[in-house]
Amino acid sequence: MGNSFGDQLLKAGLVDKSRLEKANKSKRKQQKLKQKQKVEVVDEAAVAAEAARKAAAEAAERDRELNRQRKAAAERRATQAQVRQLVEQNRLADAEGEVAYNFQDGTLIKTLHVTESVRDRLARGQLVIVRFDAGYALVPAGVAEKVGQRDAACIVSRAGDRPQEDADDPYAEYQVPDDLMW
């Protein structure tokens with residue numbers, strides 16, 4: 001038996017040599033008993049081999065799951081790095097000004113102080129507000145599309161993202177301008 005199952009388990013490191021010899025000895029004894037008494041004897045070696053196979057299959061499944069989780073985490077980090085690079089390279093640096101621009105971030109109303117021209121571009125949808133580090137950044141709409149494809153949660157405010165009109169809204173005929181100052 002040059003490459004028996006027991007030898008394979010020994011090479012894989014799942015059993016040690018003394019346990020393998022003990023199992024072989026037990027198997028030979030059971031075969032002798034079976035031949036002499038014609039009695040069915042529980043094969044402990046087969047039970048042990050089955051348990052070893054099960055343990056190996058479970059270990060392989062755990063390894064596959066860990067590898068899947070690691071791969072997903074690496075993909076998330078790569079996506080975050082791409083978003084960060086896009087925003088850093090294309091953010092509007094000279095947007096600081098004296099005009100307050102209010103926008104909604106989730107359920108909160110936030111304010112950015114921008115120049116008049118930047119406020120107009122925000123209202124027309126040419127610029128988009130995205131989350132960046134602990135604050136916000138202004139990027140062109142084309143760049144915001146690329147950021148949105150990678151991580152939609154980064155997009156905070158865009159002029160085209162207005163809620164749909166409700167048919168039962170009694171104030172539907174009274175439109176509020178986008179550039180209204182509050």
# chains A, B, ... in the order shown; residues from 1 in each chain; ligands from 1
>>> residues_around(residues="Val130 in chain A", least_positions_apart="2", cutoff="12 Å", atoms="only C-alpha atoms", output="MDAnalysis selection string")
chainID A and resid 83:84 86:88 90:92 103:105 122 127:128 132:141 143:148 151:158
>>> closest_residue(among="A:Ile109, A:Ala57, A:Ala72, A:Ala52", to="Val15 in chain A", atoms="only C-alpha atoms")
A:Ala52
>>> atom_distance(atom1="CA of Gly13 in chain A", atom2="CA of Gln31 in chain A")
26.8 Å
>>> atom_distance(atom1="CA of Lys32 in chain A", atom2="CA of Leu14 in chain A")
27.5 Å
>>> select_by_dssp(residues="chain A", states="strand (DSSP E or B)", output="PyMOL selection string")
chain A and resi 96-105+108-114+127-132+135-140+155-157
>>> residues_around(residues="range 17-28 of chain A", least_positions_apart="4", cutoff="10 Å", atoms="only C-alpha atoms", output="list in words")
Gly6, Asp7, Leu9, Leu10, Lys11, Gly13, Lys32, Leu33, Lys34, Val42, Asp43, Glu44, Ala45, Ala46, Ala48 and Ala49 of chain A
>>> write_last_selection(atoms="N, CA, C and O atoms", output="PDB file, in the first residue's frame")
ATOM      1  N   GLY A   6      -4.214   6.483   4.874  1.00  0.00           N
ATOM      2  CA  GLY A   6      -3.507   6.797   6.113  1.00  0.00           C
ATOM      3  C   GLY A   6      -2.195   7.525   5.848  1.00  0.00           C
ATOM      4  O   GLY A   6      -1.833   8.462   6.564  1.00  0.00           O
ATOM      5  N   ASP A   7      -1.482   7.100   4.791  1.00  0.00           N
ATOM      6  CA  ASP A   7      -0.235   7.771   4.430  1.00  0.00           C
ATOM      7  C   ASP A   7      -0.494   9.213   3.971  1.00  0.00           C
ATOM      8  O   ASP A   7       0.268  10.131   4.286  1.00  0.00           O
ATOM      9  N   LEU A   9      -2.994  11.104   4.992  1.00  0.00           N
ATOM     10  CA  LEU A   9      -3.299  11.892   6.186  1.00  0.00           C
ATOM     11  C   LEU A   9      -2.030  12.226   6.951  1.00  0.00           C
ATOM     12  O   LEU A   9      -1.900  13.324   7.509  1.00  0.00           O
ATOM     13  N   LEU A  10      -1.099  11.281   6.992  1.00  0.00           N
ATOM     14  CA  LEU A  10       0.174  11.500   7.675  1.00  0.00           C
ATOM     15  C   LEU A  10       0.968  12.608   6.979  1.00  0.00           C
ATOM     16  O   LEU A  10       1.504  13.502   7.635  1.00  0.00           O
ATOM     17  N   LYS A  11       1.003  12.590   5.626  1.00  0.00           N
ATOM     18  CA  LYS A  11       1.720  13.617   4.884  1.00  0.00           C
ATOM     19  C   LYS A  11       1.071  14.986   5.059  1.00  0.00           C
ATOM     20  O   LYS A  11       1.752  16.005   5.094  1.00  0.00           O
ATOM     21  N   GLY A  13      -0.368  15.976   7.670  1.00  0.00           N
ATOM     22  CA  GLY A  13      -0.173  16.435   9.034  1.00  0.00           C
ATOM     23  C   GLY A  13      -1.423  16.356   9.883  1.00  0.00           C
ATOM     24  O   GLY A  13      -1.490  16.949  10.951  1.00  0.00           O
ATOM     25  N   LYS A  32      -9.104 -10.002  11.758  1.00  0.00           N
ATOM     26  CA  LYS A  32      -8.907 -11.357  12.286  1.00  0.00           C
ATOM     27  C   LYS A  32     -10.136 -11.826  13.053  1.00  0.00           C
ATOM     28  O   LYS A  32     -10.575 -12.959  12.918  1.00  0.00           O
ATOM     29  N   LEU A  33     -10.675 -10.941  13.896  1.00  0.00           N
ATOM     30  CA  LEU A  33     -11.888 -11.286  14.648  1.00  0.00           C
ATOM     31  C   LEU A  33     -13.045 -11.575  13.711  1.00  0.00           C
ATOM     32  O   LEU A  33     -13.827 -12.512  13.933  1.00  0.00           O
ATOM     33  N   LYS A  34     -13.163 -10.790  12.685  1.00  0.00           N
ATOM     34  CA  LYS A  34     -14.259 -10.964  11.736  1.00  0.00           C
ATOM     35  C   LYS A  34     -14.152 -12.319  11.038  1.00  0.00           C
ATOM     36  O   LYS A  34     -15.149 -13.023  10.864  1.00  0.00           O
ATOM     37  N   VAL A  42     -17.414  -3.003  14.737  1.00  0.00           N
ATOM     38  CA  VAL A  42     -17.367  -1.596  14.357  1.00  0.00           C
ATOM     39  C   VAL A  42     -15.930  -1.242  13.981  1.00  0.00           C
ATOM     40  O   VAL A  42     -15.001  -1.487  14.750  1.00  0.00           O
ATOM     41  N   ASP A  43     -15.773  -0.699  12.812  1.00  0.00           N
ATOM     42  CA  ASP A  43     -14.453  -0.360  12.307  1.00  0.00           C
ATOM     43  C   ASP A  43     -14.072   1.036  12.795  1.00  0.00           C
ATOM     44  O   ASP A  43     -14.510   2.049  12.250  1.00  0.00           O
ATOM     45  N   GLU A  44     -13.248   1.070  13.842  1.00  0.00           N
ATOM     46  CA  GLU A  44     -12.847   2.346  14.433  1.00  0.00           C
ATOM     47  C   GLU A  44     -11.957   3.158  13.494  1.00  0.00           C
ATOM     48  O   GLU A  44     -12.010   4.379  13.484  1.00  0.00           O
ATOM     49  N   ALA A  45     -11.173   2.476  12.713  1.00  0.00           N
ATOM     50  CA  ALA A  45     -10.290   3.174  11.787  1.00  0.00           C
ATOM     51  C   ALA A  45     -11.110   3.917  10.720  1.00  0.00           C
ATOM     52  O   ALA A  45     -10.787   5.049  10.343  1.00  0.00           O
ATOM     53  N   ALA A  46     -12.172   3.261  10.243  1.00  0.00           N
ATOM     54  CA  ALA A  46     -13.016   3.909   9.234  1.00  0.00           C
ATOM     55  C   ALA A  46     -13.735   5.118   9.836  1.00  0.00           C
ATOM     56  O   ALA A  46     -13.877   6.161   9.180  1.00  0.00           O
ATOM     57  N   ALA A  48     -12.631   6.929  12.331  1.00  0.00           N
ATOM     58  CA  ALA A  48     -11.614   7.956  12.515  1.00  0.00           C
ATOM     59  C   ALA A  48     -11.264   8.623  11.183  1.00  0.00           C
ATOM     60  O   ALA A  48     -11.085   9.846  11.120  1.00  0.00           O
ATOM     61  N   ALA A  49     -11.188   7.816  10.122  1.00  0.00           N
ATOM     62  CA  ALA A  49     -10.878   8.363   8.808  1.00  0.00           C
ATOM     63  C   ALA A  49     -11.999   9.298   8.339  1.00  0.00           C
ATOM     64  O   ALA A  49     -11.737  10.362   7.765  1.00  0.00           O
TER      65      ALA A  49
END
>>> atom_distance(atom1="CA of Tyr101 in chain A", atom2="CA of His113 in chain A")
6.0 Å
>>> residues_around(residues="Ala95 in chain A", least_positions_apart="5", cutoff="7 Å", atoms="only C-alpha atoms", output="list in words")
Val114, Thr115 and Val118 of chain A
>>> write_last_selection(atoms="C-alpha atoms", output="mmCIF file, in the first residue's frame")
data_model
loop_
_atom_site.group_PDB
_atom_site.id
_atom_site.type_symbol
_atom_site.label_atom_id
_atom_site.label_comp_id
_atom_site.auth_asym_id
_atom_site.auth_seq_id
_atom_site.Cartn_x
_atom_site.Cartn_y
_atom_site.Cartn_z
ATOM 1 C CA VAL A 114 -18.727 79.688 -0.966
ATOM 2 C CA THR A 115 -18.328 82.410 -3.550
ATOM 3 C CA VAL A 118 -19.674 78.673 -6.975
#
